[in-house]
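Peer 1: Quick one, structure35.cif (mmCIF, C-alpha atoms and all ligand atoms):
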data_protein
#
loop_
_atom_site.group_PDB
_atom_site.id
_atom_site.type_symbol
_atom_site.label_atom_id
_atom_site.label_comp_id
_atom_site.auth_asym_id
_atom_site.auth_seq_id
_atom_site.Cartn_x
_atom_site.Cartn_y
_atom_site.Cartn_z
ATOM 1 C CA MET Q 1 0.000 0.000 0.000
ATOM 2 C CA LYS Q 2 1.258 3.491 -0.861
ATOM 3 C CA PRO Q 3 2.065 5.494 2.300
ATOM 4 C CA LYS Q 4 -0.194 8.493 2.949
ATOM 5 C CA ASP Q 5 1.274 11.904 2.143
ATOM 6 C CA THR Q 6 2.042 13.841 5.311
ATOM 7 C CA ILE Q 7 3.335 17.371 5.617
ATOM 8 C CA SER Q 8 7.021 17.211 6.436
ATOM 9 C CA LEU Q 9 9.612 19.913 6.963
ATOM 10 C CA GLU Q 10 12.414 17.362 7.363
ATOM 11 C CA SER Q 11 15.839 18.959 6.635
ATOM 12 C CA LYS Q 12 14.313 22.471 6.601
ATOM 13 C CA VAL Q 13 15.448 25.370 8.768
ATOM 14 C CA ALA Q 14 12.683 27.615 10.094
ATOM 15 C CA LEU Q 15 12.794 30.987 11.830
ATOM 16 C CA VAL Q 16 10.024 32.379 14.071
ATOM 17 C CA THR Q 17 9.969 35.899 15.520
ATOM 18 C CA GLY Q 18 8.170 36.495 18.803
ATOM 19 C CA GLY Q 19 8.405 32.771 19.496
ATOM 20 C CA THR Q 20 8.348 32.916 23.286
ATOM 21 C CA SER Q 21 4.560 32.956 23.757
ATOM 22 C CA GLY Q 22 1.153 32.520 22.130
ATOM 23 C CA ILE Q 23 0.934 31.870 18.402
ATOM 24 C CA GLY Q 24 4.714 32.181 17.916
ATOM 25 C CA ARG Q 25 5.497 29.575 20.564
ATOM 26 C CA ALA Q 26 2.843 27.128 19.290
ATOM 27 C CA THR Q 27 4.158 27.547 15.743
ATOM 28 C CA ALA Q 28 7.808 27.071 16.740
ATOM 29 C CA ILE Q 29 6.777 23.770 18.380
ATOM 30 C CA ALA Q 30 4.649 22.697 15.372
ATOM 31 C CA LEU Q 31 7.472 23.481 12.924
ATOM 32 C CA GLY Q 32 9.794 21.357 15.081
ATOM 33 C CA ALA Q 33 7.229 18.544 15.255
ATOM 34 C CA ALA Q 34 7.065 18.608 11.430
ATOM 35 C CA GLY Q 35 10.828 17.995 11.323
ATOM 36 C CA ALA Q 36 12.348 21.461 10.949
ATOM 37 C CA LYS Q 37 15.293 22.835 12.878
ATOM 38 C CA VAL Q 38 13.863 25.907 14.571
ATOM 39 C CA VAL Q 39 15.435 29.258 15.372
ATOM 40 C CA PHE Q 40 13.130 31.480 17.355
ATOM 41 C CA SER Q 41 13.496 34.966 18.729
ATOM 42 C CA GLY Q 42 12.003 36.969 21.531
ATOM 43 C CA ARG Q 43 12.980 39.488 24.118
ATOM 44 C CA ARG Q 44 12.513 37.398 27.263
ATOM 45 C CA GLU Q 45 15.200 34.887 28.262
ATOM 46 C CA PRO Q 46 13.148 32.742 30.732
ATOM 47 C CA GLU Q 47 10.274 32.247 28.260
ATOM 48 C CA GLY Q 48 12.911 31.547 25.594
ATOM 49 C CA LYS Q 49 14.387 28.710 27.661
ATOM 50 C CA GLU Q 50 10.908 27.358 28.425
ATOM 51 C CA THR Q 51 9.973 27.341 24.717
ATOM 52 C CA ALA Q 52 13.293 25.711 23.766
ATOM 53 C CA ALA Q 53 12.540 22.842 26.173
ATOM 54 C CA MET Q 54 9.084 22.408 24.583
ATOM 55 C CA ILE Q 55 10.578 22.268 21.077
ATOM 56 C CA ARG Q 56 13.202 19.711 22.166
ATOM 57 C CA ASP Q 57 10.389 17.660 23.718
ATOM 58 C CA VAL Q 58 8.919 17.112 20.245
ATOM 59 C CA GLY Q 59 12.338 15.894 19.095
ATOM 60 C CA ALA Q 60 13.571 18.967 17.229
ATOM 61 C CA GLU Q 61 16.817 20.925 17.340
ATOM 62 C CA CYS Q 62 16.365 24.591 18.170
ATOM 63 C CA LEU Q 63 18.117 27.824 18.993
ATOM 64 C CA PHE Q 64 16.737 30.782 20.943
ATOM 65 C CA VAL Q 65 18.127 34.180 19.955
ATOM 66 C CA ARG Q 66 17.324 37.140 22.146
ATOM 67 C CA SER Q 67 16.340 39.793 19.668
ATOM 68 C CA ASP Q 68 14.073 42.810 19.261
ATOM 69 C CA VAL Q 69 12.440 43.130 15.815
ATOM 70 C CA SER Q 70 12.397 46.916 16.078
ATOM 71 C CA ARG Q 71 16.231 47.038 16.039
ATOM 72 C CA GLU Q 72 17.888 46.545 12.672
ATOM 73 C CA LYS Q 73 21.108 45.187 14.133
ATOM 74 C CA ASP Q 74 19.162 42.554 16.106
ATOM 75 C CA VAL Q 75 17.232 41.473 13.017
ATOM 76 C CA LYS Q 76 20.406 41.241 10.917
ATOM 77 C CA ALA Q 77 22.144 39.266 13.666
ATOM 78 C CA LEU Q 78 19.133 36.915 14.011
ATOM 79 C CA VAL Q 79 19.287 35.902 10.351
ATOM 80 C CA GLN Q 80 23.116 35.679 10.462
ATOM 81 C CA LYS Q 81 22.969 33.456 13.534
ATOM 82 C CA THR Q 82 20.483 31.163 11.748
ATOM 83 C CA ILE Q 83 22.841 30.754 8.789
ATOM 84 C CA GLU Q 84 25.925 30.314 11.028
ATOM 85 C CA THR Q 85 24.176 27.634 13.106
ATOM 86 C CA TYR Q 86 22.186 25.654 10.555
ATOM 87 C CA GLY Q 87 23.709 26.757 7.221
ATOM 88 C CA LYS Q 88 20.574 28.142 5.541
ATOM 89 C CA LEU Q 89 17.107 29.628 5.995
ATOM 90 C CA ASP Q 90 14.154 27.828 4.368
ATOM 91 C CA CYS Q 91 11.073 29.241 6.132
ATOM 92 C CA ALA Q 92 10.383 32.342 8.182
ATOM 93 C CA PHE Q 93 7.294 33.148 10.237
ATOM 94 C CA ASN Q 94 7.214 36.877 10.985
ATOM 95 C CA ASN Q 95 4.947 36.865 13.991
ATOM 96 C CA ALA Q 96 6.176 39.398 16.575
ATOM 97 C CA GLY Q 97 3.589 42.072 17.177
ATOM 98 C CA ILE Q 98 1.962 44.271 19.790
ATOM 99 C CA ASP Q 99 -1.513 45.674 20.363
ATOM 100 C CA PRO Q 100 -2.290 49.348 21.033
ATOM 101 C CA PRO Q 101 -4.433 50.814 23.812
ATOM 102 C CA SER Q 102 -8.086 50.286 22.878
ATOM 103 C CA ILE Q 103 -9.343 53.873 22.366
ATOM 104 C CA PRO Q 104 -10.683 55.973 19.452
ATOM 105 C CA LEU Q 105 -8.176 57.405 16.972
ATOM 106 C CA HIS Q 106 -8.142 60.995 18.302
ATOM 107 C CA GLU Q 107 -7.144 59.690 21.747
ATOM 108 C CA GLN Q 108 -4.282 57.518 20.439
ATOM 109 C CA SER Q 109 -0.911 59.107 21.194
ATOM 110 C CA ILE Q 110 1.713 59.680 18.516
ATOM 111 C CA GLU Q 111 4.247 57.862 20.743
ATOM 112 C CA ASP Q 112 2.076 54.727 20.945
ATOM 113 C CA PHE Q 113 1.470 54.887 17.173
ATOM 114 C CA ASP Q 114 5.215 55.097 16.449
ATOM 115 C CA LYS Q 115 6.012 52.276 18.887
ATOM 116 C CA LEU Q 116 3.405 50.001 17.326
ATOM 117 C CA MET Q 117 4.538 50.716 13.770
ATOM 118 C CA ALA Q 118 8.197 50.195 14.748
ATOM 119 C CA ILE Q 119 7.350 46.599 15.690
ATOM 120 C CA ASN Q 120 4.315 45.538 13.631
ATOM 121 C CA LEU Q 121 5.323 47.190 10.346
ATOM 122 C CA ARG Q 122 8.926 48.478 10.265
ATOM 123 C CA GLY Q 123 10.111 45.455 12.286
ATOM 124 C CA LEU Q 124 8.342 43.000 9.985
ATOM 125 C CA PHE Q 125 9.712 44.857 6.922
ATOM 126 C CA MET Q 126 13.263 44.542 8.273
ATOM 127 C CA CYS Q 127 12.753 40.835 8.976
ATOM 128 C CA MET Q 128 11.545 40.292 5.405
ATOM 129 C CA LYS Q 129 14.485 42.261 4.001
ATOM 130 C CA TYR Q 130 17.177 40.189 5.717
ATOM 131 C CA GLU Q 131 15.329 36.884 5.293
ATOM 132 C CA ILE Q 132 14.910 37.514 1.559
ATOM 133 C CA LEU Q 133 18.606 38.418 1.227
ATOM 134 C CA ALA Q 134 19.489 35.037 2.780
ATOM 135 C CA MET Q 135 16.945 33.163 0.598
ATOM 136 C CA LEU Q 136 18.024 34.843 -2.662
ATOM 137 C CA ASP Q 137 21.483 33.264 -2.326
ATOM 138 C CA ARG Q 138 19.894 29.797 -2.674
ATOM 139 C CA GLY Q 139 16.963 30.739 -4.934
ATOM 140 C CA GLU Q 140 14.341 29.270 -2.599
ATOM 141 C CA GLY Q 141 12.429 30.054 0.547
ATOM 142 C CA VAL Q 142 9.046 30.666 2.113
ATOM 143 C CA ILE Q 143 7.890 33.598 4.234
ATOM 144 C CA VAL Q 144 4.655 33.687 6.237
ATOM 145 C CA ASN Q 145 3.662 37.011 7.763
ATOM 146 C CA ASN Q 146 1.293 37.165 10.714
ATOM 147 C CA SER Q 147 -1.257 39.791 9.741
ATOM 148 C CA SER Q 148 -4.734 39.421 11.282
ATOM 149 C CA MET Q 149 -8.373 39.518 10.255
ATOM 150 C CA ALA Q 150 -7.712 43.167 11.206
ATOM 151 C CA GLY Q 151 -5.525 43.192 8.078
ATOM 152 C CA LEU Q 152 -8.684 42.702 6.006
ATOM 153 C CA ILE Q 153 -11.469 44.608 7.791
ATOM 154 C CA GLY Q 154 -11.731 47.482 10.267
ATOM 155 C CA PHE Q 155 -12.278 47.315 14.030
ATOM 156 C CA PRO Q 156 -13.232 50.213 16.308
ATOM 157 C CA GLY Q 157 -10.758 51.426 18.933
ATOM 158 C CA VAL Q 158 -7.611 49.930 17.448
ATOM 159 C CA SER Q 159 -7.008 51.957 14.283
ATOM 160 C CA PRO Q 160 -3.167 51.951 14.488
ATOM 161 C CA TYR Q 161 -3.167 48.148 14.892
ATOM 162 C CA VAL Q 162 -5.605 47.715 11.990
ATOM 163 C CA ALA Q 163 -3.474 50.034 9.830
ATOM 164 C CA SER Q 164 -0.311 48.078 10.655
ATOM 165 C CA LYS Q 165 -1.956 44.753 9.795
ATOM 166 C CA HIS Q 166 -3.380 46.099 6.497
ATOM 167 C CA ALA Q 167 0.158 47.308 5.707
ATOM 168 C CA VAL Q 168 1.472 43.777 6.341
ATOM 169 C CA MET Q 169 -0.921 42.594 3.604
ATOM 170 C CA GLY Q 170 0.546 45.228 1.256
ATOM 171 C CA LEU Q 171 4.101 44.064 1.968
ATOM 172 C CA THR Q 172 3.066 40.429 1.528
ATOM 173 C CA ARG Q 173 1.319 40.889 -1.799
ATOM 174 C CA SER Q 174 3.949 43.193 -3.327
ATOM 175 C CA ALA Q 175 6.948 41.148 -2.175
ATOM 176 C CA ALA Q 176 5.292 37.979 -3.522
ATOM 177 C CA LEU Q 177 5.298 39.681 -6.939
ATOM 178 C CA ASP Q 178 8.925 40.828 -6.559
ATOM 179 C CA TYR Q 179 10.274 37.337 -5.793
ATOM 180 C CA GLY Q 180 7.855 34.912 -7.491
ATOM 181 C CA LYS Q 181 10.349 34.090 -10.264
ATOM 182 C CA GLN Q 182 13.207 33.776 -7.787
ATOM 183 C CA GLY Q 183 11.794 30.824 -5.887
ATOM 184 C CA ILE Q 184 10.537 32.702 -2.834
ATOM 185 C CA ARG Q 185 6.882 32.352 -1.835
ATOM 186 C CA ILE Q 186 5.402 34.952 0.513
ATOM 187 C CA ASN Q 187 1.977 34.599 2.148
ATOM 188 C CA ALA Q 188 0.117 35.937 5.166
ATOM 189 C CA ILE Q 189 -2.131 34.418 7.764
ATOM 190 C CA ASN Q 190 -5.101 36.331 9.129
ATOM 191 C CA PRO Q 191 -6.073 34.953 12.533
ATOM 192 C CA GLY Q 192 -9.335 35.937 14.186
ATOM 193 C CA ILE Q 193 -9.698 35.983 17.955
ATOM 194 C CA ILE Q 194 -7.136 33.568 19.359
ATOM 195 C CA ALA Q 195 -6.819 32.776 23.063
ATOM 196 C CA THR Q 196 -3.385 34.257 23.893
ATOM 197 C CA GLN Q 197 -1.946 36.882 26.231
ATOM 198 C CA MET Q 198 -2.921 39.523 23.645
ATOM 199 C CA ILE Q 199 -6.622 38.754 24.141
ATOM 200 C CA ASP Q 200 -6.111 38.479 27.937
ATOM 201 C CA ARG Q 201 -4.684 42.035 27.872
ATOM 202 C CA LEU Q 202 -7.717 43.269 25.909
ATOM 203 C CA THR Q 203 -10.253 41.749 28.327
ATOM 204 C CA GLU Q 204 -8.232 42.847 31.376
ATOM 205 C CA THR Q 205 -7.768 46.483 30.306
ATOM 206 C CA THR Q 206 -11.125 47.251 28.666
ATOM 207 C CA GLU Q 207 -14.797 46.616 29.317
ATOM 208 C CA THR Q 208 -14.851 43.994 26.564
ATOM 209 C CA THR Q 209 -15.373 40.530 28.028
ATOM 210 C CA ALA Q 210 -14.377 37.158 26.608
ATOM 211 C CA ASP Q 211 -18.117 36.435 26.181
ATOM 212 C CA ASP Q 212 -18.523 39.627 24.089
ATOM 213 C CA LEU Q 213 -15.706 38.476 21.821
ATOM 214 C CA VAL Q 214 -17.015 34.922 21.501
ATOM 215 C CA SER Q 215 -20.571 36.053 20.749
ATOM 216 C CA ALA Q 216 -19.348 37.587 17.464
ATOM 217 C CA ILE Q 217 -17.619 34.408 16.247
ATOM 218 C CA PRO Q 218 -19.718 32.105 14.009
ATOM 219 C CA MET Q 219 -17.952 29.004 15.366
ATOM 220 C CA GLY Q 220 -18.904 30.117 18.888
ATOM 221 C CA ARG Q 221 -15.425 29.928 20.408
ATOM 222 C CA MET Q 222 -11.992 31.546 20.285
ATOM 223 C CA GLY Q 223 -9.278 29.845 18.248
ATOM 224 C CA GLN Q 224 -6.337 28.142 19.921
ATOM 225 C CA ALA Q 225 -2.725 29.010 19.056
ATOM 226 C CA GLU Q 226 -2.199 25.427 17.809
ATOM 227 C CA GLU Q 227 -4.979 25.975 15.248
ATOM 228 C CA ILE Q 228 -2.916 28.803 13.768
ATOM 229 C CA ALA Q 229 0.374 26.903 13.982
ATOM 230 C CA LYS Q 230 -0.698 24.026 11.715
ATOM 231 C CA PRO Q 231 -1.773 26.242 8.790
ATOM 232 C CA VAL Q 232 1.601 28.035 9.080
ATOM 233 C CA VAL Q 233 3.358 24.645 8.807
ATOM 234 C CA PHE Q 234 1.250 23.983 5.681
ATOM 235 C CA LEU Q 235 2.238 27.348 4.151
ATOM 236 C CA CYS Q 236 5.921 26.607 4.923
ATOM 237 C CA SER Q 237 5.721 23.191 3.247
ATOM 238 C CA ASP Q 238 5.810 22.000 -0.358
ATOM 239 C CA ALA Q 239 2.103 21.126 0.043
ATOM 240 C CA SER Q 240 1.399 24.830 -0.589
ATOM 241 C CA GLY Q 241 3.949 25.084 -3.423
ATOM 242 C CA TYR Q 242 1.700 27.079 -5.802
ATOM 243 C CA ILE Q 243 0.365 29.582 -3.236
ATOM 244 C CA THR Q 244 1.951 33.007 -3.048
ATOM 245 C CA GLY Q 245 0.819 36.548 -2.233
ATOM 246 C CA GLN Q 246 -2.300 35.277 -0.460
ATOM 247 C CA PRO Q 247 -4.069 35.778 2.858
ATOM 248 C CA LEU Q 248 -5.053 32.587 4.709
ATOM 249 C CA VAL Q 249 -7.974 33.546 6.949
ATOM 250 C CA LEU Q 250 -8.143 31.572 10.221
ATOM 251 C CA ASP Q 251 -11.020 33.242 12.028
ATOM 252 C CA GLY Q 252 -13.766 30.723 12.854
ATOM 253 C CA GLY Q 253 -15.922 32.361 10.172
ATOM 254 C CA TYR Q 254 -15.730 35.941 11.515
ATOM 255 C CA THR Q 255 -15.065 37.673 8.177
ATOM 256 C CA ALA Q 256 -17.626 35.486 6.361
ATOM 257 C CA GLN Q 257 -20.379 37.540 8.022
HETATM 258 N N1 LIG F 1 -4.331 36.699 19.593
HETATM 259 C C1 LIG F 1 -5.054 37.132 18.571
HETATM 260 O O1 LIG F 1 -6.308 37.162 18.660
HETATM 261 C C2 LIG F 1 -4.400 37.578 17.292
HETATM 262 C C3 LIG F 1 -5.225 37.743 16.171
HETATM 263 C C4 LIG F 1 -4.642 38.131 14.962
HETATM 264 C C5 LIG F 1 -3.285 38.352 14.883
HETATM 265 N N2 LIG F 1 -2.501 38.195 15.994
HETATM 266 C C6 LIG F 1 -1.073 38.456 15.853
HETATM 267 O O2 LIG F 1 -0.357 37.326 16.285
HETATM 268 C C7 LIG F 1 0.954 37.743 16.678
HETATM 269 C C8 LIG F 1 1.284 37.039 17.977
HETATM 270 O O3 LIG F 1 0.418 37.489 18.996
HETATM 271 P P1 LIG F 1 -0.164 36.540 20.154
HETATM 272 O O4 LIG F 1 -1.626 36.602 20.051
HETATM 273 O O5 LIG F 1 0.523 35.233 20.116
HETATM 274 O O6 LIG F 1 0.194 37.380 21.465
HETATM 275 P P2 LIG F 1 1.514 37.395 22.375
HETATM 276 O O7 LIG F 1 1.489 38.708 23.058
HETATM 277 O O8 LIG F 1 1.552 36.146 23.175
HETATM 278 O O9 LIG F 1 2.684 37.312 21.320
HETATM 279 C C9 LIG F 1 3.378 38.408 20.792
HETATM 280 C C10 LIG F 1 4.818 38.012 20.684
HETATM 281 O O10 LIG F 1 5.549 39.038 20.040
HETATM 282 C C11 LIG F 1 6.702 39.306 20.808
HETATM 283 N N3 LIG F 1 7.178 40.660 20.576
HETATM 284 C C12 LIG F 1 6.517 41.830 20.816
HETATM 285 N N4 LIG F 1 7.312 42.867 20.520
HETATM 286 C C13 LIG F 1 8.486 42.330 20.086
HETATM 287 C C14 LIG F 1 9.708 42.890 19.630
HETATM 288 N N5 LIG F 1 9.896 44.212 19.570
HETATM 289 N N6 LIG F 1 10.696 42.059 19.263
HETATM 290 C C15 LIG F 1 10.531 40.719 19.335
HETATM 291 N N7 LIG F 1 9.404 40.128 19.745
HETATM 292 C C16 LIG F 1 8.400 40.933 20.122
HETATM 293 C C17 LIG F 1 6.245 39.089 22.250
HETATM 294 O O11 LIG F 1 7.332 38.910 23.112
HETATM 295 C C18 LIG F 1 5.404 37.837 22.087
HETATM 296 O O12 LIG F 1 6.192 36.672 22.123
HETATM 297 C C19 LIG F 1 0.924 39.265 16.742
HETATM 298 O O13 LIG F 1 1.535 39.790 15.589
HETATM 299 C C20 LIG F 1 -0.571 39.570 16.711
HETATM 300 O O14 LIG F 1 -0.828 40.841 16.184
HETATM 301 C C21 LIG F 1 -3.032 37.807 17.186
#
Can you present the structure in this file as structure tokens?
Peer 2:
Amino acid sequence: MKPKDTISLESKVALVTGGTSGIGRATAIALGAAGAKVVFSGRREPEGKETAAMIRDVGAECLFVRSDVSREKDVKALVQKTIETYGKLDCAFNNAGIDPPSIPLHEQSIEDFDKLMAINLRGLFMCMKYEILAMLDRGEGVIVNNSSMAGLIGFPGVSPYVASKHAVMGLTRSAALDYGKQGIRINAINPGIIATQMIDRLTETTETTADDLVSAIPMGRMGQAEEIAKPVVFLCSDASGYITGQPLVLDGGYTAQ
């Protein structure tokens, strides 16, 4: 009997930014479970060590690099360290991101806007730049950017966040066109409401409750980080070999309404 096809990232090297919690952590583990060697970054050493132990538990090699995506020298060093350690970069998941205070636009401060853009947009742009430079050398690679369903539709109270995630879609689509003939595929994922610290912060600092959030989701529940991780593994694999420049919406039906 012919063996069933399974998604494998055996012999691949994957990079995850913001891999010390939430969606990034779950994806770093899932990439490892699919056979990849995993480099992941974050700013917090203890959570880095904890995540590294989880990745090794699924039988994968990994490296934690302390690194801030808003600093160019950190981003450059992160990609360099990946190449020095594992010899190449096959897949990158640009996931690091922050959420703004939940208030109307005229109350948002310029400082908070700049801080958010420095991470969610400028940081992601710099990651793409150095990842692509490494991938161009070998003429192959896959990038997955973590946008959001807020990269496709508007939400009240978080206009800077929504703008940053729409901009991630612009980078994704345009870069996919730039590098399509050079063997580099670039896609985005668009998660809905996923149970992570980001949603905890929203329900802890505003009047919005978890029940309010869930009541708007057609599937009647929040997503789990693992349910985002597996589609990222798919986008990193050859199983998605003809997909580029696309959003993959993972929102329990939210944007179908
Ligand atoms: N949770 C959701 O409902 C949801 C929905 C759509 C999109 N997203 C996106 O998913 C991504 C991950 O968020 P999460 O929900 O897992 O929350 P999270 O807060 O657990 O994860 C964010 C990660 O980004 C890291 N990070 C933040 N600033 C950084 C910086 N300057 N340098 C390096 N790392 C940095 C954090 O340390 C953390 O590990 C974010 O980009 C977020 O916008 C989340």
Peer 1: Within 9 Å of (-1.4, 43.6, 1.0) (coordinates as in the file), grab all the protein and nucleic acid residues, counting all atoms listed in the file, and write them out as a list in words.
Peer 2: Gly151, Leu152, Lys165, His166, Ala167, Val168, Met169, Gly170, Leu171, Thr172, Arg173, Ser174, Ala188, Gly245, Gln246 and Pro247 of chain Q
Peer 1: Given a cut-off of 8 Å, what residues near ligand LIG 1 (chain F) show up using all atoms listed in the file, put as an MDAnalysis selection string?
Peer 2: chainID Q and resid 17:25 41:44 67:71 94:99 118:120 123 146:150 161 165 190:199 223 225
Peer 1: Separation of atom CA of Glu227 of chain Q and atom CA of Leu63 of chain Q, in Å?
Peer 2: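 Those two atoms sit 23.5 Å apart.
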Peer 1: Just need the box for segment 200-212 of chain Q, edges along x, y and z, holding every atom the file lists for it with 5 Å tacked onto each side, so centre and edge lengths in Å to one decimal, as lines of an AutoDock Vina configuration file.
Peer 2:
center_x = -11.6
center_y = 41.8
center_z = 27.7
size_x = 23.8
size_y = 20.8
size_z = 17.3
Peer 1: Could you tell me how far atom CA of Gln257 of chain Q sits from atom CA of Ile143 of chain Q, in Å to one decimal place?
Peer 2: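 Interatomic distance, atom CA of Ile143 of chain Q to atom CA of Gln257 of chain Q: 28.8 Å.
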Peer 1: Applied to the shown file, which residues does the PyMOL selection byres (((chain Q and resi 28) around 7) and not hetatm) return, written as a list in words?
Peer 2: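 Output of the PyMOL selection byres (((chain Q and resi 28) around 7) and not hetatm): Val16, Gly19, Gly24, Arg25, Ala26, Thr27, Ile29, Ala30, Leu31, Gly32, Val38 and Phe40 of chain Q.
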Peer 1: For atom CA of Val158 of chain Q and atom CA of Phe93 of chain Q, determine how far apart the two atoms are, in Å to one decimal place.
Peer 2: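 Calculated distance between atom CA of Val158 of chain Q and atom CA of Phe93 of chain Q is 23.6 Å.
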Peer 1: Given only C-alpha atoms as the basis, pick out the residue of Q:Pro160, Q:Ile7, Q:Arg66, Q:Pro46 nearest to Asp112 of chain Q.
Peer 2: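 The shortest atom-to-atom distance to Asp112 of chain Q comes from Q:Pro160.
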Peer 1: Mind checking which residues fall within 9 Å of Ser159 of chain Q, counting all atoms listed in the file, ignoring those fewer than 2 positions away in the same chain, and posting them as a ChimeraX atom specification?
Peer 2: /Q:100,102-105,108,154-157,161-164
Peer 1: List the spatial neighbours of Thr6 of chain Q as a PyMOL selection string - criterion: any atom at most 12 Å away, all atoms listed in the file, same-chain residues fewer than 6 positions off excluded.
Peer 2: chain Q and resi 34-35+233-234+237-239
Peer 1: Please produce a file of the residues just selected, as a JSON list (two decimals), keeping the file's coordinate frame, where the atoms kept are C-alpha atoms.
Peer 2:
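Result written to part37.json:
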[["chain", "number", "residue", "atom", "x", "y", "z"],
["Q", 34, "ALA", "CA", 7.06, 18.61, 11.43],
["Q", 35, "GLY", "CA", 10.83, 18.00, 11.32],
["Q", 233, "VAL", "CA", 3.36, 24.64, 8.81],
["Q", 234, "PHE", "CA", 1.25, 23.98, 5.68],
["Q", 237, "SER", "CA", 5.72, 23.19, 3.25],
["Q", 238, "ASP", "CA", 5.81, 22.00, -0.36],
["Q", 239, "ALA", "CA", 2.10, 21.13, 0.04]]
Peer 1: Asp90 of chain Q: which residues within 7 Å, counting only C-alpha atoms, same-chain residues fewer than 6 positions away excluded, as a ChimeraX atom specification?
Peer 2: /Q:12-14,141-142
Peer 1: Can you turn the PyMOL selection byres (((chain Q and resi 252) around 10) and not hetatm) into a concrete residue list for this file, as a list in words?
Peer 2: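 Taken over the shown coordinates, the PyMOL selection byres (((chain Q and resi 252) around 10) and not hetatm) returns Pro191, Gly192, Ile193, Ile194, Ala216, Ile217, Pro218, Met219, Gly220, Arg221, Met222, Gly223, Val249, Leu250, Asp251, Gly253, Tyr254, Thr255 and Ala256 of chain Q.
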Peer 1: Could you save those same residues with C-alpha atoms as a CSV table (one decimal), keeping the file's coordinate frame?
Peer 2:
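Saved as selection09.csv:
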chain,number,residue,atom,x,y,z
Q,191,PRO,CA,-6.1,35.0,12.5
Q,192,GLY,CA,-9.3,35.9,14.2
Q,193,ILE,CA,-9.7,36.0,18.0
Q,194,ILE,CA,-7.1,33.6,19.4
Q,216,ALA,CA,-19.3,37.6,17.5
Q,217,ILE,CA,-17.6,34.4,16.2
Q,218,PRO,CA,-19.7,32.1,14.0
Q,219,MET,CA,-18.0,29.0,15.4
Q,220,GLY,CA,-18.9,30.1,18.9
Q,221,ARG,CA,-15.4,29.9,20.4
Q,222,MET,CA,-12.0,31.5,20.3
Q,223,GLY,CA,-9.3,29.8,18.2
Q,249,VAL,CA,-8.0,33.5,6.9
Q,250,LEU,CA,-8.1,31.6,10.2
Q,251,ASP,CA,-11.0,33.2,12.0
Q,253,GLY,CA,-15.9,32.4,10.2
Q,254,TYR,CA,-15.7,35.9,11.5
Q,255,THR,CA,-15.1,37.7,8.2
Q,256,ALA,CA,-17.6,35.5,6.4
Peer 1: Looking at all atoms listed in the file, which of Q:Ala52, Q:Leu248, Q:Leu78, Q:Ile132 is the one that sits closest to Gln182 of chain Q?
Peer 2: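 The closest residue to Gln182 of chain Q is Q:Ile132.
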